[in-house]
$ cat structure.csv   # CSV, N, CA and C atoms
chain,number,residue,atom,x,y,z
X,1,MET,N,47.7,51.5,-35.9
X,1,MET,CA,47.0,50.6,-35.0
X,1,MET,C,46.8,49.3,-35.7
X,2,THR,N,47.2,48.2,-35.1
X,2,THR,CA,47.1,46.9,-35.8
X,2,THR,C,45.6,46.4,-35.8
X,3,GLN,N,45.3,45.5,-36.7
X,3,GLN,CA,44.0,44.9,-36.7
X,3,GLN,C,43.6,44.2,-35.4
X,4,GLU,N,44.6,43.5,-34.8
X,4,GLU,CA,44.3,42.9,-33.5
X,4,GLU,C,44.0,43.9,-32.4
X,5,ASN,N,44.7,45.0,-32.4
X,5,ASN,CA,44.3,46.1,-31.4
X,5,ASN,C,42.9,46.6,-31.7
X,6,LYS,N,42.6,46.8,-33.0
X,6,LYS,CA,41.2,47.3,-33.3
X,6,LYS,C,40.2,46.3,-32.8
X,7,LYS,N,40.4,45.0,-33.0
X,7,LYS,CA,39.5,44.0,-32.6
X,7,LYS,C,39.3,44.1,-31.0
X,8,PHE,N,40.4,44.3,-30.3
X,8,PHE,CA,40.3,44.3,-28.9
X,8,PHE,C,39.6,45.6,-28.4
X,9,ILE,N,39.9,46.7,-29.0
X,9,ILE,CA,39.3,48.0,-28.6
X,9,ILE,C,37.8,47.9,-28.9
X,10,LEU,N,37.4,47.4,-30.1
X,10,LEU,CA,36.0,47.3,-30.4
X,10,LEU,C,35.3,46.4,-29.4
X,11,SER,N,35.9,45.2,-29.1
X,11,SER,CA,35.2,44.3,-28.1
X,11,SER,C,35.1,45.0,-26.8
X,12,GLN,N,36.0,45.8,-26.3
X,12,GLN,CA,35.9,46.6,-25.1
X,12,GLN,C,34.8,47.6,-25.2
X,13,LYS,N,34.7,48.3,-26.3
X,13,LYS,CA,33.8,49.4,-26.5
X,13,LYS,C,32.3,48.9,-26.3
X,14,TYR,N,32.1,47.7,-26.8
X,14,TYR,CA,30.7,47.2,-26.7
X,14,TYR,C,30.5,46.1,-25.7
X,15,SER,N,31.4,46.0,-24.7
X,15,SER,CA,31.3,44.9,-23.7
X,15,SER,C,30.5,45.4,-22.5
X,16,ASN,N,29.2,45.6,-22.7
X,16,ASN,CA,28.3,46.0,-21.6
X,16,ASN,C,27.2,45.0,-21.4
X,17,VAL,N,26.5,45.1,-20.3
X,17,VAL,CA,25.5,44.1,-20.1
X,17,VAL,C,24.3,44.2,-21.0
X,18,ASP,N,24.1,45.3,-21.7
X,18,ASP,CA,23.0,45.4,-22.7
X,18,ASP,C,23.3,44.8,-24.0
X,19,GLN,N,24.5,44.2,-24.2
X,19,GLN,CA,24.9,43.6,-25.5
X,19,GLN,C,24.0,42.4,-25.8
X,20,ARG,N,23.3,42.5,-27.0
X,20,ARG,CA,22.4,41.4,-27.4
X,20,ARG,C,22.8,40.9,-28.7
X,21,ARG,N,24.1,41.1,-29.1
X,21,ARG,CA,24.6,40.8,-30.4
X,21,ARG,C,24.6,39.3,-30.6
X,22,LYS,N,24.1,38.8,-31.8
X,22,LYS,CA,24.1,37.4,-32.2
X,22,LYS,C,25.1,37.1,-33.3
X,23,ASN,N,25.6,38.2,-33.9
X,23,ASN,CA,26.5,38.0,-35.1
X,23,ASN,C,27.8,38.6,-34.8
X,24,ALA,N,28.9,38.0,-35.3
X,24,ALA,CA,30.2,38.5,-35.1
X,24,ALA,C,30.3,39.9,-35.8
X,25,ARG,N,31.0,40.8,-35.1
X,25,ARG,CA,31.2,42.1,-35.7
X,25,ARG,C,32.7,42.4,-35.8
X,26,ILE,N,33.0,43.1,-36.9
X,26,ILE,CA,34.4,43.5,-37.0
X,26,ILE,C,34.5,45.0,-37.4
X,27,PRO,N,35.6,45.6,-37.0
X,27,PRO,CA,35.8,47.0,-37.3
X,27,PRO,C,36.3,47.1,-38.8
X,28,VAL,N,35.7,48.1,-39.5
X,28,VAL,CA,36.1,48.3,-40.9
X,28,VAL,C,36.2,49.9,-41.1
X,29,GLU,N,36.7,50.3,-42.1
X,29,GLU,CA,36.7,51.7,-42.6
X,29,GLU,C,36.4,51.7,-44.0
X,30,ILE,N,35.1,51.7,-44.3
X,30,ILE,CA,34.6,51.6,-45.7
X,30,ILE,C,33.7,52.8,-46.0
X,31,ARG,N,34.1,53.6,-47.1
X,31,ARG,CA,33.3,54.7,-47.5
X,31,ARG,C,32.0,54.2,-48.1
X,32,GLY,N,30.9,54.8,-47.9
X,32,GLY,CA,29.7,54.4,-48.5
X,32,GLY,C,28.7,55.6,-48.5
X,33,SER,N,27.5,55.3,-48.7
X,33,SER,CA,26.4,56.3,-48.8
X,33,SER,C,25.1,55.8,-48.2
X,34,PHE,N,24.2,56.6,-47.9
X,34,PHE,CA,22.9,56.2,-47.5
X,34,PHE,C,21.8,57.1,-48.0
X,35,VAL,N,20.6,56.6,-48.0
X,35,VAL,CA,19.5,57.3,-48.4
X,35,VAL,C,18.4,57.1,-47.4
X,36,PHE,N,17.8,58.2,-46.9
X,36,PHE,CA,16.7,58.2,-46.0
X,36,PHE,C,15.5,58.9,-46.7
X,37,MET,N,14.4,58.3,-46.7
X,37,MET,CA,13.2,58.9,-47.4
X,37,MET,C,12.0,58.7,-46.5
X,38,ASP,N,11.3,59.8,-46.3
X,38,ASP,CA,10.0,59.7,-45.6
X,38,ASP,C,9.0,60.5,-46.4
X,39,ALA,N,7.8,60.7,-45.9
X,39,ALA,CA,6.7,61.3,-46.7
X,39,ALA,C,7.1,62.8,-47.1
X,40,SER,N,7.9,63.4,-46.3
X,40,SER,CA,8.2,64.8,-46.6
X,40,SER,C,9.6,65.2,-47.1
X,41,SER,N,10.5,64.2,-47.0
X,41,SER,CA,11.9,64.6,-47.4
X,41,SER,C,12.7,63.3,-47.9
X,42,LYS,N,13.8,63.6,-48.5
X,42,LYS,CA,14.7,62.6,-49.0
X,42,LYS,C,16.1,63.1,-48.6
X,43,ILE,N,16.9,62.4,-47.9
X,43,ILE,CA,18.2,62.7,-47.6
X,43,ILE,C,19.2,61.7,-48.2
X,44,SER,N,20.1,62.2,-48.9
X,44,SER,CA,21.2,61.3,-49.5
X,44,SER,C,22.5,61.9,-48.9
X,45,ASP,N,23.3,61.1,-48.4
X,45,ASP,CA,24.6,61.6,-47.8
X,45,ASP,C,25.7,60.5,-47.8
X,46,LEU,N,26.9,60.9,-47.7
X,46,LEU,CA,28.0,60.0,-47.6
X,46,LEU,C,28.1,59.6,-46.2
X,47,CYS,N,28.7,58.4,-45.9
X,47,CYS,CA,28.9,57.9,-44.6
X,47,CYS,C,30.2,57.0,-44.6
X,48,LEU,N,30.6,56.7,-43.4
X,48,LEU,CA,31.7,55.7,-43.2
X,48,LEU,C,31.2,54.5,-42.4
X,49,VAL,N,31.3,53.4,-43.0
X,49,VAL,CA,30.9,52.1,-42.3
X,49,VAL,C,32.1,51.8,-41.4
X,50,ASN,N,31.8,51.8,-40.1
X,50,ASN,CA,32.9,51.6,-39.2
X,50,ASN,C,32.8,50.2,-38.4
X,51,SER,N,31.7,49.5,-38.5
X,51,SER,CA,31.7,48.1,-38.1
X,51,SER,C,30.7,47.4,-38.9
X,52,LEU,N,30.9,46.1,-39.0
X,52,LEU,CA,30.1,45.3,-40.0
X,52,LEU,C,29.9,43.9,-39.4
X,53,SER,N,28.6,43.4,-39.5
X,53,SER,CA,28.3,42.0,-39.1
X,53,SER,C,27.3,41.5,-40.2
X,54,THR,N,26.9,40.3,-40.1
X,54,THR,CA,25.9,39.7,-41.0
X,54,THR,C,24.5,40.2,-40.6
X,55,GLY,N,24.4,40.8,-39.5
X,55,GLY,CA,23.1,41.2,-39.0
X,55,GLY,C,22.9,42.7,-39.2
X,56,GLY,N,24.0,43.5,-39.4
X,56,GLY,CA,23.8,44.9,-39.5
X,56,GLY,C,25.2,45.6,-39.6
X,57,LEU,N,25.2,46.9,-39.3
X,57,LEU,CA,26.4,47.7,-39.4
X,57,LEU,C,26.3,48.9,-38.6
X,58,ALA,N,27.4,49.6,-38.4
X,58,ALA,CA,27.4,50.9,-37.8
X,58,ALA,C,28.0,51.9,-38.8
X,59,ILE,N,27.4,53.0,-38.9
X,59,ILE,CA,28.0,54.0,-39.8
X,59,ILE,C,28.3,55.3,-39.0
X,60,GLU,N,29.1,56.1,-39.5
X,60,GLU,CA,29.4,57.4,-39.0
X,60,GLU,C,28.8,58.4,-40.0
X,61,ALA,N,27.8,59.2,-39.6
X,61,ALA,CA,27.1,60.1,-40.5
X,61,ALA,C,27.0,61.5,-39.9
X,62,SER,N,27.0,62.5,-40.7
X,62,SER,CA,26.8,63.9,-40.2
X,62,SER,C,25.4,64.3,-40.3
X,63,SER,N,24.5,63.6,-41.0
X,63,SER,CA,23.1,63.9,-41.1
X,63,SER,C,22.3,63.6,-39.9
X,64,VAL,N,21.3,64.3,-39.6
X,64,VAL,CA,20.4,64.0,-38.5
X,64,VAL,C,19.5,62.9,-38.8
X,65,LEU,N,19.7,61.8,-38.0
X,65,LEU,CA,18.8,60.6,-38.2
X,65,LEU,C,18.3,60.3,-36.8
X,66,SER,N,17.3,59.4,-36.7
X,66,SER,CA,16.6,59.1,-35.5
X,66,SER,C,16.5,57.6,-35.4
X,67,ILE,N,16.4,57.1,-34.1
X,67,ILE,CA,16.2,55.7,-33.9
X,67,ILE,C,14.8,55.3,-34.5
X,68,GLY,N,14.8,54.2,-35.2
X,68,GLY,CA,13.5,53.8,-35.9
X,68,GLY,C,13.5,54.2,-37.4
X,69,ASP,N,14.3,55.2,-37.8
X,69,ASP,CA,14.4,55.5,-39.2
X,69,ASP,C,14.8,54.3,-40.0
X,70,VAL,N,14.4,54.3,-41.3
X,70,VAL,CA,14.8,53.2,-42.2
X,70,VAL,C,15.6,53.9,-43.3
X,71,ILE,N,16.8,53.4,-43.5
X,71,ILE,CA,17.7,53.9,-44.5
X,71,ILE,C,18.2,52.8,-45.4
X,72,THR,N,18.7,53.2,-46.5
X,72,THR,CA,19.4,52.2,-47.4
X,72,THR,C,20.8,52.6,-47.5
X,73,VAL,N,21.7,51.7,-47.0
X,73,VAL,CA,23.1,51.9,-47.0
X,73,VAL,C,23.8,51.1,-48.1
X,74,THR,N,24.7,51.8,-48.9
X,74,THR,CA,25.3,51.2,-50.0
X,74,THR,C,26.8,51.4,-49.8
X,75,PHE,N,27.6,50.3,-50.0
X,75,PHE,CA,29.1,50.4,-50.0
X,75,PHE,C,29.7,49.3,-50.8
X,76,ILE,N,31.0,49.4,-51.1
X,76,ILE,CA,31.7,48.4,-51.8
X,76,ILE,C,32.6,47.6,-50.9
X,77,LEU,N,32.4,46.3,-50.9
X,77,LEU,CA,33.2,45.4,-50.1
X,77,LEU,C,33.9,44.4,-51.0
X,78,GLU,N,35.2,44.6,-51.1
X,78,GLU,CA,36.0,43.7,-52.0
X,78,GLU,C,35.4,43.6,-53.4
X,79,ASP,N,35.2,44.7,-54.0
X,79,ASP,CA,34.7,44.8,-55.4
X,79,ASP,C,33.2,44.3,-55.6
X,80,HIS,N,32.5,44.1,-54.5
X,80,HIS,CA,31.1,43.8,-54.5
X,80,HIS,C,30.3,45.0,-54.0
X,81,ILE,N,29.3,45.3,-54.7
X,81,ILE,CA,28.4,46.4,-54.2
X,81,ILE,C,27.4,45.8,-53.3
X,82,ILE,N,27.4,46.3,-52.1
X,82,ILE,CA,26.4,45.8,-51.0
X,82,ILE,C,25.4,47.0,-50.8
X,83,SER,N,24.2,46.7,-50.9
X,83,SER,CA,23.1,47.7,-50.7
X,83,SER,C,22.0,47.0,-49.8
X,84,GLU,N,21.8,47.5,-48.6
X,84,GLU,CA,20.9,46.9,-47.7
X,84,GLU,C,20.0,47.9,-47.1
X,85,VAL,N,18.7,47.6,-46.9
X,85,VAL,CA,17.8,48.4,-46.2
X,85,VAL,C,18.0,48.1,-44.7
X,86,CYS,N,18.1,49.1,-43.9
X,86,CYS,CA,18.4,49.0,-42.5
X,86,CYS,C,17.5,49.8,-41.6
X,87,LYS,N,17.3,49.4,-40.4
X,87,LYS,CA,16.5,50.1,-39.4
X,87,LYS,C,17.5,50.6,-38.4
X,88,ILE,N,17.5,51.9,-38.0
X,88,ILE,CA,18.4,52.5,-37.0
X,88,ILE,C,18.0,52.0,-35.6
X,89,THR,N,18.9,51.4,-34.9
X,89,THR,CA,18.6,50.8,-33.6
X,89,THR,C,19.2,51.6,-32.5
X,90,ARG,N,20.3,52.3,-32.8
X,90,ARG,CA,20.9,53.1,-31.7
X,90,ARG,C,21.7,54.3,-32.4
X,91,ILE,N,21.9,55.3,-31.6
X,91,ILE,CA,22.7,56.5,-32.0
X,91,ILE,C,23.5,56.9,-30.9
X,92,HIS,N,24.8,57.1,-31.1
X,92,HIS,CA,25.7,57.6,-30.1
X,92,HIS,C,26.6,58.6,-30.8
X,93,GLY,N,26.3,59.9,-30.6
X,93,GLY,CA,27.0,61.0,-31.3
X,93,GLY,C,26.7,60.9,-32.8
X,94,LYS,N,27.8,60.8,-33.6
X,94,LYS,CA,27.7,60.6,-35.0
X,94,LYS,C,27.6,59.1,-35.5
X,95,GLU,N,27.8,58.2,-34.5
X,95,GLU,CA,27.7,56.8,-34.8
X,95,GLU,C,26.3,56.3,-34.8
X,96,VAL,N,25.9,55.6,-35.9
X,96,VAL,CA,24.5,55.2,-36.0
X,96,VAL,C,24.6,53.6,-36.2
X,97,GLY,N,23.9,52.9,-35.3
X,97,GLY,CA,23.9,51.5,-35.4
X,97,GLY,C,22.6,51.1,-36.1
X,98,CYS,N,22.8,50.1,-37.1
X,98,CYS,CA,21.7,49.7,-37.9
X,98,CYS,C,21.6,48.2,-38.0
X,99,ARG,N,20.3,47.7,-38.1
X,99,ARG,CA,20.1,46.3,-38.3
X,99,ARG,C,19.5,46.1,-39.6
X,100,PHE,N,20.0,45.1,-40.4
X,100,PHE,CA,19.4,44.8,-41.7
X,100,PHE,C,18.0,44.3,-41.5
X,101,ILE,N,17.1,44.9,-42.3
X,101,ILE,CA,15.6,44.5,-42.2
X,101,ILE,C,15.3,43.2,-42.9
X,102,SER,N,15.6,43.1,-44.2
X,102,SER,CA,15.4,41.9,-45.0
X,102,SER,C,16.6,41.7,-45.8
X,103,PRO,N,17.7,41.2,-45.2
X,103,PRO,CA,19.0,41.2,-45.9
X,103,PRO,C,18.9,40.2,-47.1
X,104,VAL,N,19.6,40.7,-48.2
X,104,VAL,CA,19.8,39.8,-49.4
X,104,VAL,C,20.7,38.7,-49.0
X,105,PRO,N,20.3,37.4,-49.2
X,105,PRO,CA,21.1,36.3,-48.8
X,105,PRO,C,22.5,36.3,-49.3
X,106,GLN,N,22.7,36.7,-50.6
X,106,GLN,CA,24.0,36.7,-51.2
X,106,GLN,C,24.9,37.7,-50.4
X,107,ASN,N,24.3,38.8,-50.0
X,107,ASN,CA,25.1,39.8,-49.3
X,107,ASN,C,25.5,39.3,-47.9
X,108,VAL,N,24.6,38.6,-47.2
X,108,VAL,CA,24.9,38.0,-45.9
X,108,VAL,C,26.0,37.0,-46.0
X,109,GLN,N,25.9,36.2,-47.1
X,109,GLN,CA,26.9,35.2,-47.3
X,109,GLN,C,28.3,35.8,-47.6
X,110,PHE,N,28.3,36.8,-48.4
X,110,PHE,CA,29.6,37.5,-48.7
X,110,PHE,C,30.1,38.2,-47.5
X,111,ILE,N,29.3,38.9,-46.7
X,111,ILE,CA,29.8,39.6,-45.5
X,111,ILE,C,30.3,38.6,-44.5
X,112,GLY,N,29.6,37.5,-44.4
X,112,GLY,CA,30.1,36.4,-43.4
X,112,GLY,C,31.4,35.9,-43.8
X,113,SER,N,31.6,35.7,-45.1
X,113,SER,CA,32.9,35.2,-45.6
X,113,SER,C,34.0,36.2,-45.4
X,114,PHE,N,33.7,37.5,-45.6
X,114,PHE,CA,34.6,38.5,-45.4
X,114,PHE,C,35.0,38.6,-44.0
X,115,ILE,N,34.1,38.5,-43.1
X,115,ILE,CA,34.4,38.6,-41.6
X,115,ILE,C,35.2,37.4,-41.2
X,116,TYR,N,34.9,36.2,-41.7
X,116,TYR,CA,35.6,35.0,-41.4
X,116,TYR,C,37.1,35.2,-41.8
X,117,LYS,N,37.3,35.6,-43.0
X,117,LYS,CA,38.7,35.8,-43.5
X,117,LYS,C,39.4,36.8,-42.6
X,118,LYS,N,38.8,37.9,-42.2
X,118,LYS,CA,39.4,38.9,-41.4
X,118,LYS,C,39.7,38.4,-40.0
X,119,LEU,N,38.9,37.6,-39.4
X,119,LEU,CA,39.1,37.1,-38.1
X,119,LEU,C,40.1,36.0,-38.0
X,120,PHE,N,40.1,35.1,-39.0
X,120,PHE,CA,40.8,33.9,-38.9
X,120,PHE,C,42.0,33.8,-39.9
X,121,SER,N,42.2,34.8,-40.7
X,121,SER,CA,43.4,34.7,-41.6
X,121,SER,C,44.6,35.2,-40.8
X,122,THR,N,45.8,34.7,-41.3
X,122,THR,CA,47.0,35.0,-40.6
X,122,THR,C,47.8,36.1,-41.3
$ encode --input "structure.csv" --output "structure tokens"
Amino acid sequence: MTQENKKFILSQKYSNVDQRRKNARIPVEIRGSFVFMDASSKISDLCLVNSLSTGGLAIEASSVLSIGDVITVTFILEDHIISEVCKITRIHGKEVGCRFISPVPQNVQFIGSFIYKKLFST
């Protein structure tokens, strides 16, 4: 599947009236990990980052998570380690949508630059 087809499919997947997205999102396939900690437990697990924006990301995870949980997601993007604290905003099957809580400005700038290159490079 070409990158153009992926962009089209992703835009169709999320083209509903409830869409409140303010940041451009692109499909990716990046292996990463996440940590969830509350008063009684700590979960560390692998995940797949499958969409990315400057405001958040979506991961595919096999662990049981809930809307409102706060997790730390870590992944490598073009040789840069990105680690962000995220709040889970939606769950659809194994796909978990997350919004960055207090994003590191350098990470946001790097992610934005990465997205720009992917969307506008030939």
$ closest_residue --input "structure.csv" --among "X:Ser66, X:Ser40, X:Asn23, X:Asn107" --to "Lys87 of chain X" --atoms "only C-alpha atoms"
X:Ser66
$ atom_distance --input "structure.csv" --atom1 "atom C of Ser63 of chain X" --atom2 "atom CA of Ile26 of chain X"
23.6 Å
$ atom_distance --input "structure.csv" --atom1 "atom CA of Val85 of chain X" --atom2 "atom N of Ala58 of chain X"
12.4 Å
$ residues_around --input "structure.csv" --residues "Ala61 of chain X" --least-positions-apart "2" --cutoff "7 Å" --atoms "only N, CA and C atoms" --output "ChimeraX atom specification"
/X:46-48,59,63-64,94-96
$ atom_distance --input "structure.csv" --atom1 "atom C of Gln106 of chain X" --atom2 "atom C of Ile82 of chain X"
9.3 Å
$ residues_near_point --input "structure.csv" --point "(30.0, 55.3, -39.8)" --cutoff "12 Å" --atoms "only C-alpha atoms" --output "compact mmCIF listing (two decimals) with N, CA and C atoms, in the coordinates of the input"
# COMPACT_ATOMS: atom_id res chain seq x y z
N PRO X 27 35.60 45.60 -37.00
CA PRO X 27 35.80 47.00 -37.30
C PRO X 27 36.30 47.10 -38.80
N VAL X 28 35.70 48.10 -39.50
CA VAL X 28 36.10 48.30 -40.90
C VAL X 28 36.20 49.90 -41.10
N GLU X 29 36.70 50.30 -42.10
CA GLU X 29 36.70 51.70 -42.60
C GLU X 29 36.40 51.70 -44.00
N ILE X 30 35.10 51.70 -44.30
CA ILE X 30 34.60 51.60 -45.70
C ILE X 30 33.70 52.80 -46.00
N ARG X 31 34.10 53.60 -47.10
CA ARG X 31 33.30 54.70 -47.50
C ARG X 31 32.00 54.20 -48.10
N GLY X 32 30.90 54.80 -47.90
CA GLY X 32 29.70 54.40 -48.50
C GLY X 32 28.70 55.60 -48.50
N SER X 33 27.50 55.30 -48.70
CA SER X 33 26.40 56.30 -48.80
C SER X 33 25.10 55.80 -48.20
N PHE X 34 24.20 56.60 -47.90
CA PHE X 34 22.90 56.20 -47.50
C PHE X 34 21.80 57.10 -48.00
N ASP X 45 23.30 61.10 -48.40
CA ASP X 45 24.60 61.60 -47.80
C ASP X 45 25.70 60.50 -47.80
N LEU X 46 26.90 60.90 -47.70
CA LEU X 46 28.00 60.00 -47.60
C LEU X 46 28.10 59.60 -46.20
N CYS X 47 28.70 58.40 -45.90
CA CYS X 47 28.90 57.90 -44.60
C CYS X 47 30.20 57.00 -44.60
N LEU X 48 30.60 56.70 -43.40
CA LEU X 48 31.70 55.70 -43.20
C LEU X 48 31.20 54.50 -42.40
N VAL X 49 31.30 53.40 -43.00
CA VAL X 49 30.90 52.10 -42.30
C VAL X 49 32.10 51.80 -41.40
N ASN X 50 31.80 51.80 -40.10
CA ASN X 50 32.90 51.60 -39.20
C ASN X 50 32.80 50.20 -38.40
N SER X 51 31.70 49.50 -38.50
CA SER X 51 31.70 48.10 -38.10
C SER X 51 30.70 47.40 -38.90
N LEU X 52 30.90 46.10 -39.00
CA LEU X 52 30.10 45.30 -40.00
C LEU X 52 29.90 43.90 -39.40
N LEU X 57 25.20 46.90 -39.30
CA LEU X 57 26.40 47.70 -39.40
C LEU X 57 26.30 48.90 -38.60
N ALA X 58 27.40 49.60 -38.40
CA ALA X 58 27.40 50.90 -37.80
C ALA X 58 28.00 51.90 -38.80
N ILE X 59 27.40 53.00 -38.90
CA ILE X 59 28.00 54.00 -39.80
C ILE X 59 28.30 55.30 -39.00
N GLU X 60 29.10 56.10 -39.50
CA GLU X 60 29.40 57.40 -39.00
C GLU X 60 28.80 58.40 -40.00
N ALA X 61 27.80 59.20 -39.60
CA ALA X 61 27.10 60.10 -40.50
C ALA X 61 27.00 61.50 -39.90
N SER X 62 27.00 62.50 -40.70
CA SER X 62 26.80 63.90 -40.20
C SER X 62 25.40 64.30 -40.30
N SER X 63 24.50 63.60 -41.00
CA SER X 63 23.10 63.90 -41.10
C SER X 63 22.30 63.60 -39.90
N VAL X 73 21.70 51.70 -47.00
CA VAL X 73 23.10 51.90 -47.00
C VAL X 73 23.80 51.10 -48.10
N THR X 74 24.70 51.80 -48.90
CA THR X 74 25.30 51.20 -50.00
C THR X 74 26.80 51.40 -49.80
N PHE X 75 27.60 50.30 -50.00
CA PHE X 75 29.10 50.40 -50.00
C PHE X 75 29.70 49.30 -50.80
N ILE X 91 21.90 55.30 -31.60
CA ILE X 91 22.70 56.50 -32.00
C ILE X 91 23.50 56.90 -30.90
N HIS X 92 24.80 57.10 -31.10
CA HIS X 92 25.70 57.60 -30.10
C HIS X 92 26.60 58.60 -30.80
N GLY X 93 26.30 59.90 -30.60
CA GLY X 93 27.00 61.00 -31.30
C GLY X 93 26.70 60.90 -32.80
N LYS X 94 27.80 60.80 -33.60
CA LYS X 94 27.70 60.60 -35.00
C LYS X 94 27.60 59.10 -35.50
N GLU X 95 27.80 58.20 -34.50
CA GLU X 95 27.70 56.80 -34.80
C GLU X 95 26.30 56.30 -34.80
N VAL X 96 25.90 55.60 -35.90
CA VAL X 96 24.50 55.20 -36.00
C VAL X 96 24.60 53.60 -36.20
N GLY X 97 23.90 52.90 -35.30
CA GLY X 97 23.90 51.50 -35.40
C GLY X 97 22.60 51.10 -36.10
N CYS X 98 22.80 50.10 -37.10
CA CYS X 98 21.70 49.70 -37.90
C CYS X 98 21.60 48.20 -38.00
$ select_by_dssp --input "structure.csv" --residues "segment 21-103 of chain X" --states "strand (DSSP E)" --output "PyMOL selection string"
chain X and resi 25-37+42-53+56-60+70-77+80-92+95-100
$ closest_residue --input "structure.csv" --among "X:Met37, X:Ile101, X:Ile67, X:Ile43" --to "Gly55 of chain X" --atoms "only N, CA and C atoms"
X:Ile101
$ closest_residue --input "structure.csv" --among "X:Val70, X:Thr54, X:Asp38, X:Ala24" --to "Pro103 of chain X" --atoms "only C-alpha atoms"
X:Thr54
$ residues_around --input "structure.csv" --residues "Phe36 of chain X" --least-positions-apart "5" --cutoff "6 Å" --atoms "all atoms listed in the file" --output "PyMOL selection string"
chain X and resi 41-44+70-72
$ write_last_selection --input "structure.csv" --atoms "N, CA and C atoms" --output "PDB file, in the coordinates of the input"
ATOM      1  N   SER X  41      10.500  64.200 -47.000  1.00  0.00           N
ATOM      2  CA  SER X  41      11.900  64.600 -47.400  1.00  0.00           C
ATOM      3  C   SER X  41      12.700  63.300 -47.900  1.00  0.00           C
ATOM      4  N   LYS X  42      13.800  63.600 -48.500  1.00  0.00           N
ATOM      5  CA  LYS X  42      14.700  62.600 -49.000  1.00  0.00           C
ATOM      6  C   LYS X  42      16.100  63.100 -48.600  1.00  0.00           C
ATOM      7  N   ILE X  43      16.900  62.400 -47.900  1.00  0.00           N
ATOM      8  CA  ILE X  43      18.200  62.700 -47.600  1.00  0.00           C
ATOM      9  C   ILE X  43      19.200  61.700 -48.200  1.00  0.00           C
ATOM     10  N   SER X  44      20.100  62.200 -48.900  1.00  0.00           N
ATOM     11  CA  SER X  44      21.200  61.300 -49.500  1.00  0.00           C
ATOM     12  C   SER X  44      22.500  61.900 -48.900  1.00  0.00           C
ATOM     13  N   VAL X  70      14.400  54.300 -41.300  1.00  0.00           N
ATOM     14  CA  VAL X  70      14.800  53.200 -42.200  1.00  0.00           C
ATOM     15  C   VAL X  70      15.600  53.900 -43.300  1.00  0.00           C
ATOM     16  N   ILE X  71      16.800  53.400 -43.500  1.00  0.00           N
ATOM     17  CA  ILE X  71      17.700  53.900 -44.500  1.00  0.00           C
ATOM     18  C   ILE X  71      18.200  52.800 -45.400  1.00  0.00           C
ATOM     19  N   THR X  72      18.700  53.200 -46.500  1.00  0.00           N
ATOM     20  CA  THR X  72      19.400  52.200 -47.400  1.00  0.00           C
ATOM     21  C   THR X  72      20.800  52.600 -47.500  1.00  0.00           C
TER      22      THR X  72
END
$ residues_around --input "structure.csv" --residues "Asp69 of chain X" --least-positions-apart "4" --cutoff "7 Å" --atoms "all atoms listed in the file" --output "PDB file with N, CA and C atoms, in the frame of the given file"
ATOM      1  N   LEU X  65      19.700  61.800 -38.000  1.00  0.00           N
ATOM      2  CA  LEU X  65      18.800  60.600 -38.200  1.00  0.00           C
ATOM      3  C   LEU X  65      18.300  60.300 -36.800  1.00  0.00           C
ATOM      4  N   CYS X  86      18.100  49.100 -43.900  1.00  0.00           N
ATOM      5  CA  CYS X  86      18.400  49.000 -42.500  1.00  0.00           C
ATOM      6  C   CYS X  86      17.500  49.800 -41.600  1.00  0.00           C
ATOM      7  N   LYS X  87      17.300  49.400 -40.400  1.00  0.00           N
ATOM      8  CA  LYS X  87      16.500  50.100 -39.400  1.00  0.00           C
ATOM      9  C   LYS X  87      17.500  50.600 -38.400  1.00  0.00           C
ATOM     10  N   ILE X  88      17.500  51.900 -38.000  1.00  0.00           N
ATOM     11  CA  ILE X  88      18.400  52.500 -37.000  1.00  0.00           C
ATOM     12  C   ILE X  88      18.000  52.000 -35.600  1.00  0.00           C
ATOM     13  N   THR X  89      18.900  51.400 -34.900  1.00  0.00           N
ATOM     14  CA  THR X  89      18.600  50.800 -33.600  1.00  0.00           C
ATOM     15  C   THR X  89      19.200  51.600 -32.500  1.00  0.00           C
TER      16      THR X  89
END
$ closest_residue --input "structure.csv" --among "X:Leu77, X:Gly56, X:Val35, X:Glu84" --to "Phe114 of chain X" --atoms "only C-alpha atoms"
X:Leu77
